[in-house]
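Just below is one structure, and these are the notes that go with it.
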Amino acid sequence: MPLTNVAELRAYLAKLGAQPKKSLSQNFLIDSNIVSKILGFADVREKDSLFEIGPGPGGMSEALLELGVQLTAVERDRVFAKALGSRFPTCQVFEEDILAFDLDQLTPGSKVVANLPYHITAPILTRLTPRRDLFSSITVMVQEEVARRLTAQPGSKIYGSLSVYMQFYTRPRYGFRVSRHCFYPEPNVDSAVVRFDLIEPPLDDPDAFFELVRLAFGKRRKMIRKTLGSPEKILEAGIDPTARPEQLSLEQFIRLYKQFIGG
Ligand code: SAM
């Protein structure tokens, strides 16, 4: 039963006695072409280990299983978690909060695919991206504006500490825009699909590094010599002390970190 058209989905929700919950960001994807496009962009192949966050009624889960993957899913909504487990016995379903879920239960080398619950996009991504030991790639649908920030490059107004974070742990790629009309119920904004291929992080002490990055972006309109002090150290790092944080690349932040904190 494909759940990628409104009529089928509404009938299925009625059968489960479920109403879409705003508190869990339940906007379900109802366009099978978009589902196929996401799985293509994520490069999903037969026998891959896949991890899906928030499968909901399971439209994307079904498409994944048809491709012959090993699927594990975490869904907070009891009704959907139970229904998915009984519809697809080969799928391992955990009824849990992704932010509390013990990731170490997963198969190393898994690919993550999800239409994320938008209200917790950043906490989910910052939790998953440092786990290169578990995940090879993370392909997610997020709000379009967030997708732009996650993949922003230096010099752009939306480039910030989250963009630096994603570049530190991954190679980010903006995929494609998805209209709000492809969801039920329809959200107020468009979405986009982004893919992150996990890489070896360039430093061993990420916490101290990100403290420096957040400090710099705390006053994003100020020159870094005002926020960080020590213009000599900034010059030593080969960076113009009058630069603003949004102009600095990951490599330049790393050079600043080495001057200010060590490494
Ligand atoms: N994958 C489905 C689709 O594409 O139609 C549903 C996507 S919907 C945007 C987000 C899903 O995440 C919902 O099914 C919701 O119940 C689930 N969810 C929300 N918060 C969650 C959490 N903290 N942990 C796990 N799942 C969560």
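Just remember, in the structure tokens the first chain shown is A, the second B, etc., residues are 1-based per chain, and ligands are 1-based in the order shown.
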Give the residues close to ligand 1, within 8 Å, counting only C-alpha atoms and all ligand atoms; write them as a count of residues only. 37
Determine, counting only C-alpha atoms, which protein, DNA and RNA residues have an atom within 12 Å of an atom of Ile239 (chain A); residues of the same chain fewer than 4 positions away are not included. Present the result as a ChimeraX atom specification. /A:223-225,230-235,243-245,247-249,251-257,259
Write out as JSON lines a residue-level contact list of region 197-224 of chain A versus region 164-168 of chain A with cut-off 9 Å: for each qualifying residue the closest pair of atoms and the distance in Å to one decimal, counting only C-alpha atoms, rows sorted by chain and residue number upward.
```
{"residue": "A:Ile199", "atom": "CA", "partner": "A:Phe168", "partner_atom": "CA", "distance": 8.1}
{"residue": "A:Glu200", "atom": "CA", "partner": "A:Phe168", "partner_atom": "CA", "distance": 8.5}
{"residue": "A:Pro201", "atom": "CA", "partner": "A:Phe168", "partner_atom": "CA", "distance": 5.7}
{"residue": "A:Pro202", "atom": "CA", "partner": "A:Phe168", "partner_atom": "CA", "distance": 6.8}
{"residue": "A:Leu203", "atom": "CA", "partner": "A:Phe168", "partner_atom": "CA", "distance": 8.6}
{"residue": "A:Pro206", "atom": "CA", "partner": "A:Phe168", "partner_atom": "CA", "distance": 8.8}
{"residue": "A:Phe210", "atom": "CA", "partner": "A:Tyr165", "partner_atom": "CA", "distance": 7.6}
{"residue": "A:Val213", "atom": "CA", "partner": "A:Val164", "partner_atom": "CA", "distance": 8.0}
```
Dump of N, CA and C atoms for the selected residues, as a PDB file, in the first residue's frame:
```
ATOM      1  N   ILE A 199      33.410  12.670   7.395  1.00  0.00           N
ATOM      2  CA  ILE A 199      34.854  12.638   7.153  1.00  0.00           C
ATOM      3  C   ILE A 199      35.602  12.597   8.491  1.00  0.00           C
ATOM      4  N   GLU A 200      36.891  12.332   8.403  1.00  0.00           N
ATOM      5  CA  GLU A 200      37.750  12.376   9.584  1.00  0.00           C
ATOM      6  C   GLU A 200      37.865  13.837  10.027  1.00  0.00           C
ATOM      7  N   PRO A 201      37.472  14.172  11.280  1.00  0.00           N
ATOM      8  CA  PRO A 201      37.561  15.588  11.681  1.00  0.00           C
ATOM      9  C   PRO A 201      39.007  16.063  11.740  1.00  0.00           C
ATOM     10  N   PRO A 202      39.248  17.342  11.424  1.00  0.00           N
ATOM     11  CA  PRO A 202      40.627  17.830  11.311  1.00  0.00           C
ATOM     12  C   PRO A 202      41.341  18.076  12.643  1.00  0.00           C
ATOM     13  N   LEU A 203      40.621  18.047  13.771  1.00  0.00           N
ATOM     14  CA  LEU A 203      41.257  18.300  15.070  1.00  0.00           C
ATOM     15  C   LEU A 203      40.768  17.299  16.107  1.00  0.00           C
ATOM     16  N   PRO A 206      37.494  19.019  19.509  1.00  0.00           N
ATOM     17  CA  PRO A 206      36.426  19.809  18.892  1.00  0.00           C
ATOM     18  C   PRO A 206      35.765  20.786  19.863  1.00  0.00           C
ATOM     19  N   PHE A 210      35.128  24.603  18.903  1.00  0.00           N
ATOM     20  CA  PHE A 210      33.813  25.211  18.665  1.00  0.00           C
ATOM     21  C   PHE A 210      33.505  26.332  19.652  1.00  0.00           C
ATOM     22  N   VAL A 213      34.885  29.197  17.803  1.00  0.00           N
ATOM     23  CA  VAL A 213      34.034  29.536  16.642  1.00  0.00           C
ATOM     24  C   VAL A 213      32.766  30.255  17.114  1.00  0.00           C
TER      25      VAL A 213
END
```
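The residue that comes closest to Arg171 (chain A), out of A:Lys219, A:Arg195, A:Lys111, A:Arg87 and on the basis of only C-alpha atoms, is A:Arg195.
Among the candidates A:Gly229, A:Pro130, A:Pro89, A:Gly109, the residue lying nearest to Leu50 (chain A) is A:Gly109 (atoms considered: only C-alpha atoms).
Excluding Phe196 (chain A) itself and any same-chain residue fewer than 3 positions from it, the protein and nucleic acid residues within 6 Å of it, counting only C-alpha atoms, are Ser137, Ile138, Thr170, Arg171 and Pro172 of chain A.
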Write a file of the selected residues as a compact mmCIF listing (two decimals), in the first residue's frame, keeping N, CA, C and O atoms.
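Saved to selection10.txt:
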```
# COMPACT_ATOMS: atom_id res chain seq x y z
N SER A 137 27.05 8.23 5.61
CA SER A 137 26.42 9.45 5.08
C SER A 137 25.09 9.69 5.76
O SER A 137 24.46 8.76 6.28
N ILE A 138 24.66 10.95 5.73
CA ILE A 138 23.39 11.35 6.33
C ILE A 138 22.66 12.20 5.29
O ILE A 138 23.17 13.25 4.89
N THR A 170 31.85 16.84 8.10
CA THR A 170 31.28 16.23 6.88
C THR A 170 31.63 17.03 5.63
O THR A 170 32.12 18.15 5.72
N ARG A 171 31.33 16.41 4.51
CA ARG A 171 31.33 17.14 3.25
C ARG A 171 29.85 17.39 2.90
O ARG A 171 29.14 16.46 2.52
N PRO A 172 29.39 18.63 3.11
CA PRO A 172 27.96 18.91 2.91
C PRO A 172 27.60 19.18 1.46
O PRO A 172 28.40 19.78 0.74
```
If you run DSSP on this backbone, which residues of region 99-176 of chain A come out as helix (DSSP H, G or I), and could you give them as a ChimeraX atom specification? /A:103-105,118-128,144-150,161-169
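Closest approach to Ala42 (chain A) among A:Glu246, A:Glu211, A:Asp102, A:Asp197 is made by A:Asp197 (distances from only C-alpha atoms).
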For CA of Ser161 (chain A) and CA of Lys226 (chain A), the interatomic separation in Å (one decimal): 17.9 Å
Check region 119-209 of chain A with DSSP on the backbone and list each residue it calls strand (DSSP E or B), as a PyMOL selection string. chain A and resi 135-143+170-178+183-184+191-198
Restricting the output to N, CA, C and O atoms, write the selected residues as a compact mmCIF listing (two decimals), in the first residue's frame.
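The file below, part_31.txt, is the result:
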```txt
# COMPACT_ATOMS: atom_id res chain seq x y z
N PHE A 135 28.25 5.99 10.91
CA PHE A 135 27.53 6.42 9.70
C PHE A 135 28.49 6.82 8.59
O PHE A 135 29.50 7.49 8.84
N SER A 136 28.15 6.41 7.36
CA SER A 136 28.97 6.86 6.23
C SER A 136 28.38 8.13 5.63
O SER A 136 29.11 9.02 5.21
N SER A 137 27.05 8.23 5.61
CA SER A 137 26.42 9.45 5.08
C SER A 137 25.09 9.69 5.76
O SER A 137 24.46 8.76 6.28
N ILE A 138 24.66 10.95 5.73
CA ILE A 138 23.39 11.35 6.33
C ILE A 138 22.66 12.20 5.29
O ILE A 138 23.17 13.25 4.89
N THR A 139 21.52 11.71 4.82
CA THR A 139 20.75 12.45 3.82
C THR A 139 19.40 12.79 4.43
O THR A 139 18.65 11.89 4.82
N VAL A 140 19.12 14.09 4.54
CA VAL A 140 17.92 14.49 5.26
C VAL A 140 17.16 15.61 4.57
O VAL A 140 17.75 16.45 3.91
N MET A 141 15.86 15.58 4.80
CA MET A 141 15.00 16.69 4.37
C MET A 141 14.85 17.61 5.56
O MET A 141 14.56 17.16 6.68
N VAL A 142 15.10 18.88 5.32
CA VAL A 142 14.99 19.90 6.37
C VAL A 142 14.30 21.13 5.77
O VAL A 142 14.06 21.16 4.57
N GLN A 143 14.03 22.13 6.59
CA GLN A 143 13.47 23.36 6.04
C GLN A 143 14.48 23.97 5.08
O GLN A 143 15.68 23.96 5.36
N THR A 170 31.85 16.84 8.10
CA THR A 170 31.28 16.23 6.88
C THR A 170 31.63 17.03 5.63
O THR A 170 32.12 18.15 5.72
N ARG A 171 31.33 16.41 4.51
CA ARG A 171 31.33 17.14 3.25
C ARG A 171 29.85 17.39 2.90
O ARG A 171 29.14 16.46 2.52
N PRO A 172 29.39 18.63 3.11
CA PRO A 172 27.96 18.91 2.91
C PRO A 172 27.60 19.18 1.46
O PRO A 172 28.40 19.78 0.74
N ARG A 173 26.45 18.73 1.07
CA ARG A 173 26.00 18.94 -0.31
C ARG A 173 24.51 19.31 -0.33
O ARG A 173 23.68 18.55 0.22
N TYR A 174 24.18 20.44 -0.92
CA TYR A 174 22.76 20.81 -1.09
C TYR A 174 22.23 20.01 -2.27
O TYR A 174 22.82 20.01 -3.34
N GLY A 175 21.10 19.32 -2.05
CA GLY A 175 20.55 18.48 -3.13
C GLY A 175 19.53 19.22 -3.96
O GLY A 175 19.84 19.74 -5.03
N PHE A 176 18.32 19.32 -3.46
CA PHE A 176 17.24 19.95 -4.24
C PHE A 176 16.13 20.43 -3.31
O PHE A 176 15.98 19.96 -2.19
N ARG A 177 15.38 21.39 -3.86
CA ARG A 177 14.27 22.00 -3.13
C ARG A 177 13.03 21.12 -3.26
O ARG A 177 12.83 20.47 -4.29
N VAL A 178 12.20 21.10 -2.21
CA VAL A 178 10.94 20.34 -2.27
C VAL A 178 9.80 21.28 -1.85
O VAL A 178 9.84 21.86 -0.76
N PHE A 183 3.61 17.76 0.92
CA PHE A 183 3.42 17.23 2.28
C PHE A 183 1.96 17.31 2.70
O PHE A 183 1.22 18.19 2.27
N TYR A 184 1.60 16.40 3.59
CA TYR A 184 0.29 16.48 4.24
C TYR A 184 0.50 16.32 5.74
O TYR A 184 1.13 15.36 6.15
N SER A 191 10.89 22.94 1.69
CA SER A 191 11.94 22.12 2.29
C SER A 191 13.06 21.91 1.28
O SER A 191 12.95 22.35 0.12
N ALA A 192 14.12 21.25 1.72
CA ALA A 192 15.19 20.88 0.79
C ALA A 192 15.89 19.64 1.33
O ALA A 192 15.86 19.37 2.54
N VAL A 193 16.51 18.92 0.41
CA VAL A 193 17.24 17.70 0.81
C VAL A 193 18.73 17.99 0.76
O VAL A 193 19.23 18.58 -0.20
N VAL A 194 19.42 17.62 1.83
CA VAL A 194 20.86 17.83 1.91
C VAL A 194 21.54 16.51 2.26
O VAL A 194 20.96 15.66 2.94
N ARG A 195 22.76 16.38 1.78
CA ARG A 195 23.50 15.14 2.09
C ARG A 195 24.85 15.51 2.73
O ARG A 195 25.52 16.44 2.29
N PHE A 196 25.21 14.75 3.76
CA PHE A 196 26.47 14.97 4.45
C PHE A 196 27.26 13.66 4.43
O PHE A 196 26.80 12.66 4.98
N ASP A 197 28.43 13.68 3.80
CA ASP A 197 29.30 12.50 3.84
C ASP A 197 30.28 12.70 4.98
O ASP A 197 31.00 13.71 5.01
N LEU A 198 30.31 11.76 5.90
CA LEU A 198 31.11 11.96 7.10
C LEU A 198 32.60 11.77 6.81
O LEU A 198 33.00 10.87 6.06
```
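The gap separating CA of Ile261 (chain A) from CA of Ser156 (chain A) is 26.7 Å, in Å to one decimal.
Reported to one decimal place, the separation of CA of Ala152 (chain A) from CA of Cys182 (chain A) is 24.9 Å.
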